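Text of query.cif (mmCIF, N, CA and C atoms) as supplied:
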```cif
data_input
#
loop_
_atom_site.label_atom_id
_atom_site.label_comp_id
_atom_site.auth_asym_id
_atom_site.auth_seq_id
_atom_site.Cartn_x
_atom_site.Cartn_y
_atom_site.Cartn_z
N MET T 1 13.12 -3.34 1.42
CA MET T 1 12.81 -4.08 0.21
C MET T 1 13.68 -5.33 0.17
N ARG T 2 13.09 -6.40 -0.33
CA ARG T 2 13.82 -7.65 -0.53
C ARG T 2 13.27 -8.29 -1.79
N ALA T 3 14.13 -8.53 -2.74
CA ALA T 3 13.74 -9.15 -4.02
C ALA T 3 12.58 -8.39 -4.67
N GLY T 4 12.61 -7.07 -4.56
CA GLY T 4 11.58 -6.24 -5.18
C GLY T 4 10.28 -6.16 -4.41
N GLU T 5 10.23 -6.76 -3.26
CA GLU T 5 9.01 -6.80 -2.44
C GLU T 5 9.23 -5.98 -1.18
N THR T 6 8.23 -5.18 -0.81
CA THR T 6 8.30 -4.42 0.43
C THR T 6 8.26 -5.40 1.60
N ASP T 7 9.25 -5.33 2.44
CA ASP T 7 9.42 -6.28 3.54
C ASP T 7 9.07 -5.66 4.88
N CYS T 8 9.45 -4.41 5.05
CA CYS T 8 9.26 -3.73 6.32
C CYS T 8 8.99 -2.26 6.02
N ALA T 9 8.05 -1.67 6.74
CA ALA T 9 7.71 -0.27 6.48
C ALA T 9 7.12 0.37 7.72
N MET T 10 7.24 1.68 7.78
CA MET T 10 6.58 2.46 8.81
C MET T 10 5.68 3.48 8.12
N THR T 11 4.44 3.57 8.56
CA THR T 11 3.54 4.55 7.98
C THR T 11 3.95 5.94 8.48
N VAL T 12 3.79 6.92 7.60
CA VAL T 12 4.14 8.30 7.94
C VAL T 12 2.99 9.21 7.55
N GLU T 13 2.98 10.38 8.14
CA GLU T 13 2.03 11.41 7.74
C GLU T 13 2.87 12.59 7.26
N ASP T 14 2.82 12.85 5.97
CA ASP T 14 3.64 13.88 5.36
C ASP T 14 2.76 14.73 4.46
N ARG T 15 2.68 16.00 4.75
CA ARG T 15 1.79 16.90 3.99
C ARG T 15 2.13 16.93 2.50
N GLU T 16 3.43 16.93 2.19
CA GLU T 16 3.83 16.97 0.79
C GLU T 16 3.42 15.69 0.05
N LEU T 17 3.56 14.53 0.70
CA LEU T 17 3.12 13.28 0.07
C LEU T 17 1.61 13.25 -0.11
N LEU T 18 0.87 13.73 0.90
CA LEU T 18 -0.58 13.80 0.77
C LEU T 18 -0.98 14.71 -0.37
N ALA T 19 -0.30 15.85 -0.50
CA ALA T 19 -0.59 16.78 -1.60
C ALA T 19 -0.26 16.13 -2.94
N LEU T 20 0.85 15.40 -3.01
CA LEU T 20 1.22 14.72 -4.24
C LEU T 20 0.17 13.68 -4.62
N GLY T 21 -0.29 12.91 -3.65
CA GLY T 21 -1.34 11.92 -3.90
C GLY T 21 -2.63 12.58 -4.38
N GLY T 22 -3.00 13.69 -3.76
CA GLY T 22 -4.19 14.41 -4.19
C GLY T 22 -4.07 14.95 -5.60
N GLU T 23 -2.90 15.48 -5.93
CA GLU T 23 -2.66 16.00 -7.27
C GLU T 23 -2.71 14.88 -8.31
N LEU T 24 -2.10 13.74 -8.00
CA LEU T 24 -2.17 12.59 -8.92
C LEU T 24 -3.61 12.17 -9.15
N GLY T 25 -4.38 12.09 -8.08
CA GLY T 25 -5.78 11.70 -8.20
C GLY T 25 -6.58 12.65 -9.07
N ARG T 26 -6.37 13.95 -8.87
CA ARG T 26 -7.09 14.95 -9.67
C ARG T 26 -6.69 14.88 -11.14
N ARG T 27 -5.39 14.81 -11.39
CA ARG T 27 -4.92 14.81 -12.78
C ARG T 27 -5.26 13.53 -13.54
N LEU T 28 -5.14 12.40 -12.86
CA LEU T 28 -5.39 11.12 -13.53
C LEU T 28 -6.88 10.79 -13.62
N GLY T 29 -7.65 11.23 -12.62
CA GLY T 29 -9.07 10.92 -12.60
C GLY T 29 -9.36 9.44 -12.50
N HIS T 30 -8.41 8.68 -11.97
CA HIS T 30 -8.59 7.23 -11.88
C HIS T 30 -9.61 6.88 -10.79
N VAL T 31 -10.17 5.71 -10.92
CA VAL T 31 -11.08 5.18 -9.92
C VAL T 31 -10.45 3.90 -9.38
N GLY T 32 -10.30 3.82 -8.10
CA GLY T 32 -9.73 2.61 -7.51
C GLY T 32 -8.35 2.85 -6.93
N ASN T 33 -7.65 1.77 -6.76
CA ASN T 33 -6.35 1.79 -6.10
C ASN T 33 -5.25 2.16 -7.08
N LEU T 34 -4.27 2.89 -6.60
CA LEU T 34 -3.10 3.23 -7.41
C LEU T 34 -1.88 3.11 -6.52
N ASP T 35 -1.03 2.16 -6.84
CA ASP T 35 0.21 1.94 -6.11
C ASP T 35 1.28 2.85 -6.72
N VAL T 36 1.86 3.73 -5.93
CA VAL T 36 2.83 4.70 -6.45
C VAL T 36 4.13 4.56 -5.67
N ASP T 37 5.23 4.35 -6.40
CA ASP T 37 6.56 4.31 -5.78
C ASP T 37 7.16 5.70 -5.90
N VAL T 38 7.56 6.25 -4.74
CA VAL T 38 8.08 7.60 -4.67
C VAL T 38 9.41 7.58 -3.93
N PHE T 39 10.38 8.31 -4.45
CA PHE T 39 11.66 8.49 -3.78
C PHE T 39 11.79 9.94 -3.34
N CYS T 40 12.45 10.14 -2.22
CA CYS T 40 12.74 11.49 -1.75
C CYS T 40 14.25 11.70 -1.88
N HIS T 41 14.64 12.74 -2.62
CA HIS T 41 16.05 13.07 -2.80
C HIS T 41 16.23 14.56 -2.57
N LYS T 42 17.04 14.88 -1.57
CA LYS T 42 17.32 16.29 -1.24
C LYS T 42 16.03 17.08 -1.02
N GLY T 43 15.09 16.44 -0.32
CA GLY T 43 13.85 17.12 0.05
C GLY T 43 12.79 17.20 -1.04
N ARG T 44 13.04 16.61 -2.20
CA ARG T 44 12.05 16.61 -3.29
C ARG T 44 11.59 15.19 -3.55
N PHE T 45 10.29 15.05 -3.87
CA PHE T 45 9.73 13.75 -4.17
C PHE T 45 9.74 13.51 -5.67
N TYR T 46 10.11 12.27 -6.03
CA TYR T 46 10.15 11.86 -7.43
C TYR T 46 9.36 10.56 -7.58
N ILE T 47 8.47 10.54 -8.56
CA ILE T 47 7.66 9.35 -8.81
C ILE T 47 8.46 8.41 -9.70
N LEU T 48 8.64 7.18 -9.23
CA LEU T 48 9.34 6.17 -10.01
C LEU T 48 8.37 5.42 -10.92
N GLU T 49 7.25 4.96 -10.35
CA GLU T 49 6.27 4.22 -11.15
C GLU T 49 4.91 4.27 -10.49
N MET T 50 3.88 4.01 -11.30
CA MET T 50 2.50 3.95 -10.82
C MET T 50 1.86 2.69 -11.38
N ASN T 51 1.14 1.96 -10.54
CA ASN T 51 0.48 0.72 -10.96
C ASN T 51 -0.94 0.72 -10.40
N ALA T 52 -1.90 0.49 -11.27
CA ALA T 52 -3.31 0.44 -10.87
C ALA T 52 -3.61 -0.94 -10.29
N ARG T 53 -3.10 -1.18 -9.08
CA ARG T 53 -3.28 -2.46 -8.40
C ARG T 53 -2.90 -2.29 -6.93
N PHE T 54 -3.16 -3.33 -6.16
CA PHE T 54 -2.67 -3.35 -4.78
C PHE T 54 -1.19 -3.71 -4.84
N GLY T 55 -0.35 -2.84 -4.36
CA GLY T 55 1.08 -3.10 -4.35
C GLY T 55 1.51 -3.83 -3.09
N GLY T 56 2.77 -4.21 -3.06
CA GLY T 56 3.31 -4.94 -1.93
C GLY T 56 3.32 -4.15 -0.63
N GLY T 57 3.17 -2.85 -0.72
CA GLY T 57 3.15 -2.02 0.49
C GLY T 57 1.77 -1.88 1.10
N TYR T 58 0.71 -2.28 0.37
CA TYR T 58 -0.64 -2.08 0.90
C TYR T 58 -0.87 -2.76 2.26
N PRO T 59 -0.38 -3.97 2.50
CA PRO T 59 -0.65 -4.59 3.80
C PRO T 59 -0.20 -3.73 4.99
N PHE T 60 0.80 -2.88 4.79
CA PHE T 60 1.27 -2.02 5.87
C PHE T 60 0.24 -0.92 6.17
N SER T 61 -0.34 -0.35 5.12
CA SER T 61 -1.41 0.63 5.33
C SER T 61 -2.62 -0.02 5.98
N HIS T 62 -2.95 -1.23 5.54
CA HIS T 62 -4.08 -1.96 6.11
C HIS T 62 -3.82 -2.25 7.59
N GLY T 63 -2.61 -2.69 7.90
CA GLY T 63 -2.26 -2.96 9.30
C GLY T 63 -2.32 -1.72 10.17
N ALA T 64 -2.17 -0.55 9.55
CA ALA T 64 -2.22 0.71 10.29
C ALA T 64 -3.62 1.31 10.32
N GLY T 65 -4.60 0.58 9.79
CA GLY T 65 -5.98 1.04 9.94
C GLY T 65 -6.75 1.33 8.67
N ALA T 66 -6.10 1.46 7.52
CA ALA T 66 -6.83 1.69 6.27
C ALA T 66 -7.51 0.38 5.85
N ASN T 67 -8.64 0.48 5.16
CA ASN T 67 -9.33 -0.73 4.72
C ASN T 67 -9.94 -0.49 3.34
N PHE T 68 -9.07 -0.38 2.34
CA PHE T 68 -9.52 -0.10 0.99
C PHE T 68 -10.38 -1.22 0.40
N PRO T 69 -10.09 -2.50 0.67
CA PRO T 69 -10.99 -3.54 0.15
C PRO T 69 -12.44 -3.36 0.62
N LEU T 70 -12.64 -2.97 1.87
CA LEU T 70 -14.00 -2.73 2.35
C LEU T 70 -14.62 -1.54 1.65
N ALA T 71 -13.82 -0.51 1.36
CA ALA T 71 -14.33 0.65 0.63
C ALA T 71 -14.82 0.22 -0.76
N ILE T 72 -14.07 -0.66 -1.42
CA ILE T 72 -14.47 -1.15 -2.75
C ILE T 72 -15.79 -1.91 -2.66
N VAL T 73 -15.94 -2.75 -1.64
CA VAL T 73 -17.19 -3.50 -1.44
C VAL T 73 -18.34 -2.52 -1.25
N LYS T 74 -18.14 -1.48 -0.46
CA LYS T 74 -19.20 -0.49 -0.23
C LYS T 74 -19.57 0.22 -1.53
N TRP T 75 -18.57 0.60 -2.32
CA TRP T 75 -18.87 1.23 -3.61
C TRP T 75 -19.70 0.31 -4.49
N LEU T 76 -19.35 -0.97 -4.53
CA LEU T 76 -20.09 -1.93 -5.35
C LEU T 76 -21.52 -2.10 -4.87
N ARG T 77 -21.75 -1.90 -3.58
CA ARG T 77 -23.10 -1.98 -3.02
C ARG T 77 -23.87 -0.67 -3.16
N GLY T 78 -23.22 0.35 -3.74
CA GLY T 78 -23.87 1.65 -3.87
C GLY T 78 -23.80 2.47 -2.61
N GLU T 79 -22.97 2.07 -1.66
CA GLU T 79 -22.82 2.79 -0.39
C GLU T 79 -21.62 3.73 -0.46
N GLU T 80 -21.64 4.75 0.36
CA GLU T 80 -20.52 5.68 0.45
C GLU T 80 -19.61 5.25 1.60
N PRO T 81 -18.36 4.88 1.30
CA PRO T 81 -17.45 4.49 2.39
C PRO T 81 -17.05 5.71 3.21
N GLY T 82 -16.91 5.51 4.50
CA GLY T 82 -16.47 6.60 5.37
C GLY T 82 -15.00 6.91 5.15
N ARG T 83 -14.61 8.11 5.45
CA ARG T 83 -13.21 8.53 5.26
C ARG T 83 -12.26 7.72 6.12
N GLU T 84 -12.77 7.15 7.21
CA GLU T 84 -11.91 6.36 8.10
C GLU T 84 -11.34 5.13 7.39
N LEU T 85 -12.00 4.65 6.34
CA LEU T 85 -11.50 3.49 5.62
C LEU T 85 -10.24 3.80 4.82
N PHE T 86 -9.96 5.07 4.62
CA PHE T 86 -8.79 5.49 3.85
C PHE T 86 -7.67 6.03 4.73
N ALA T 87 -7.88 6.04 6.03
CA ALA T 87 -6.92 6.66 6.95
C ALA T 87 -6.07 5.60 7.65
N ALA T 88 -4.78 5.71 7.49
CA ALA T 88 -3.84 4.84 8.20
C ALA T 88 -3.17 5.67 9.30
N ARG T 89 -3.05 5.09 10.47
CA ARG T 89 -2.36 5.78 11.56
C ARG T 89 -0.88 5.92 11.22
N ALA T 90 -0.31 7.04 11.59
CA ALA T 90 1.11 7.28 11.35
C ALA T 90 1.96 6.60 12.42
N GLN T 91 3.21 6.34 12.06
CA GLN T 91 4.21 5.78 12.96
C GLN T 91 3.91 4.33 13.37
N VAL T 92 3.26 3.59 12.48
CA VAL T 92 3.00 2.17 12.73
C VAL T 92 4.03 1.37 11.93
N MET T 93 4.82 0.57 12.62
CA MET T 93 5.85 -0.26 11.98
C MET T 93 5.28 -1.65 11.76
N CYS T 94 5.41 -2.14 10.53
CA CYS T 94 4.95 -3.48 10.19
C CYS T 94 6.06 -4.22 9.47
N HIS T 95 6.04 -5.53 9.58
CA HIS T 95 7.06 -6.36 8.94
C HIS T 95 6.42 -7.63 8.42
N LYS T 96 6.75 -8.00 7.18
CA LYS T 96 6.29 -9.26 6.61
C LYS T 96 7.32 -10.32 6.95
N ASP T 97 6.85 -11.54 7.11
CA ASP T 97 7.74 -12.64 7.44
C ASP T 97 7.46 -13.81 6.51
N ILE T 98 8.50 -14.45 6.07
CA ILE T 98 8.35 -15.64 5.24
C ILE T 98 8.96 -16.80 6.02
N GLY T 99 8.17 -17.83 6.20
CA GLY T 99 8.66 -19.00 6.93
C GLY T 99 8.78 -20.20 5.99
N ILE T 100 9.53 -21.16 6.42
CA ILE T 100 9.70 -22.39 5.66
C ILE T 100 8.99 -23.51 6.40
N GLU T 101 8.13 -24.22 5.69
CA GLU T 101 7.41 -25.37 6.25
C GLU T 101 8.06 -26.62 5.70
N MET T 102 8.38 -27.55 6.57
CA MET T 102 8.93 -28.84 6.15
C MET T 102 7.77 -29.83 6.04
N ILE T 103 7.65 -30.46 4.89
CA ILE T 103 6.60 -31.46 4.68
C ILE T 103 7.28 -32.81 4.55
N GLU T 104 6.97 -33.65 5.49
CA GLU T 104 7.57 -35.00 5.46
C GLU T 104 6.82 -35.83 4.44
N ASN T 105 7.57 -36.64 3.69
CA ASN T 105 6.98 -37.51 2.69
C ASN T 105 7.62 -38.88 2.85
N ASP T 106 6.78 -39.89 3.08
CA ASP T 106 7.29 -41.23 3.29
C ASP T 106 7.69 -41.95 2.02
N SER T 107 7.27 -41.42 0.86
CA SER T 107 7.61 -42.13 -0.37
C SER T 107 9.05 -41.80 -0.78
N ASP T 108 9.59 -42.61 -1.65
CA ASP T 108 10.95 -42.39 -2.12
C ASP T 108 10.99 -41.38 -3.28
N GLY T 109 9.82 -40.89 -3.72
CA GLY T 109 9.75 -40.02 -4.89
C GLY T 109 10.20 -38.59 -4.63
N LEU T 110 10.21 -38.12 -3.39
CA LEU T 110 10.59 -36.74 -3.11
C LEU T 110 11.77 -36.65 -2.20
#
```
Go ahead and express the file in the form of structure tokens.
Amino acid sequence: MRAGETDCAMTVEDRELLALGGELGRRLGHVGNLDVDVFCHKGRFYILEMNARFGGGYPFSHGAGANFPLAIVKWLRGEEPGRELFAARAQVMCHKDIGIEMIENDSDGL
């Protein structure tokens, strides 16, 4: 994490996290994306917050093979998205990078 933004992550496959996600989905009955921040302390998972939006960690799942935006498009078209659109490969490391671009300006104003 850097400045509250997920900077680097590795996808994992954890049965307890999958069960927690399934339980949240059943209890909340929400439709769409849900960004959930979870901490693990002494082998137990604790939910910090939930946001009905694409969170900063989504690009890592997408990079590992999940494609939730395409699933949303299929739902809007009345199509059933395949389960593969929700599956991210485990052990995929991704990193976001921020670069600085220098823009030259010939005027004296900048």
ask   = DSSP on the backbone: what in chain T comes out strand (DSSP E or B), as an MDAnalysis selection string?
value = chainID T and resid 2 5 8:10 35:41 44:51 93:95
inquiry  = the PyMOL selection byres ((chain T and resi 66-76) around 5) - which residues does that actually catch in the file I just gave you? List them as number ranges by chain.
reply    = T: 61-62, 64-65, 77-79, 85-88
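Of note, atom N of Arg15 of chain T and atom C of Met93 of chain T are spaced 19.2 Å apart.
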message = Need the shell around Cys8 of chain T: protein/DNA/RNA residues with any atom at most 7 Å away, counting only N, CA and C atoms. Skip same-chain ones fewer than 5 positions apart. Format as a PyMOL selection string?
response = chain T and resi 1-2+93-96
Residue selection dump (N, CA and C atoms) as a tab-separated table (two decimals), in the frame of the given file:
```tsv
chain	number	residue	atom	x	y	z
T	1	MET	N	13.12	-3.34	1.42
T	1	MET	CA	12.81	-4.08	0.21
T	1	MET	C	13.68	-5.33	0.17
T	2	ARG	N	13.09	-6.40	-0.33
T	2	ARG	CA	13.82	-7.65	-0.53
T	2	ARG	C	13.27	-8.29	-1.79
T	93	MET	N	4.82	0.57	12.62
T	93	MET	CA	5.85	-0.26	11.98
T	93	MET	C	5.28	-1.65	11.76
T	94	CYS	N	5.41	-2.14	10.53
T	94	CYS	CA	4.95	-3.48	10.19
T	94	CYS	C	6.06	-4.22	9.47
T	95	HIS	N	6.04	-5.53	9.58
T	95	HIS	CA	7.06	-6.36	8.94
T	95	HIS	C	6.42	-7.63	8.42
T	96	LYS	N	6.75	-8.00	7.18
T	96	LYS	CA	6.29	-9.26	6.61
T	96	LYS	C	7.32	-10.32	6.95
```
message = So the first atom is atom CA of Ala90 of chain T and the second is atom CA of Met10 of chain T; what is the distance between them in Å, to one decimal place?
response =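 According to the coordinates, atom CA of Ala90 of chain T and atom CA of Met10 of chain T are separated by 7.7 Å.
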inquiry  = Could you tell me how far atom CA of Arg44 of chain T sits from atom CA of Leu20 of chain T, in Å to one decimal place?
reply    =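 Straight-line distance from atom CA of Leu20 of chain T to atom CA of Arg44 of chain T works out to 11.0 Å.
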Shell around segment 26-43 of chain T at 6.5 Å using all atoms listed in the file, local window under 4 positions removed, as a ChimeraX atom specification = /T:21-22,47-55
Per-axis box centre and lengths in Å around segment 30-47 of chain T, 6 Å margin per side, axis-aligned, as lines of an AutoDock Vina configuration file:
```
center_x = 3.1
center_y = 9.5
center_z = -6.0
size_x = 40.4
size_y = 27.4
size_z = 24.0
```
message = Which residue is closest to Val92 of chain T? Choose from T:Tyr46, T:Ala9, T:Glu80, T:Gly4 and count all atoms listed in the file.
response =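 For Val92 of chain T, the nearest of the given residues is T:Ala9.
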task = Taking the DSSP assignment computed from this structure's backbone, write out as a list in words all residues of chain T that belong to alpha helix (DSSP H).
result = Arg15, Glu16, Leu17, Leu18, Ala19, Leu20, Gly21, Gly22, Glu23, Leu24, Gly25, Arg26, Arg27, Leu28, Tyr58, Pro59, Phe60, Ser61, His62, Gly63, Phe68, Pro69, Leu70, Ala71, Ile72, Val73, Lys74, Trp75 and Leu76 of chain T
message = Which residues are near segment 12-14 of chain T? Cut-off 6.5 Å, only N, CA and C atoms, ignore same chain within fewer than 3 positions. Put them as a ChimeraX atom specification.
response = /T:17-19,89-92
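Proximity to Gly56 of chain T was assessed for T:Thr6, T:Thr11, T:Gly25, T:Glu104 counting all atoms listed in the file; the smallest distance is recorded for T:Thr6.
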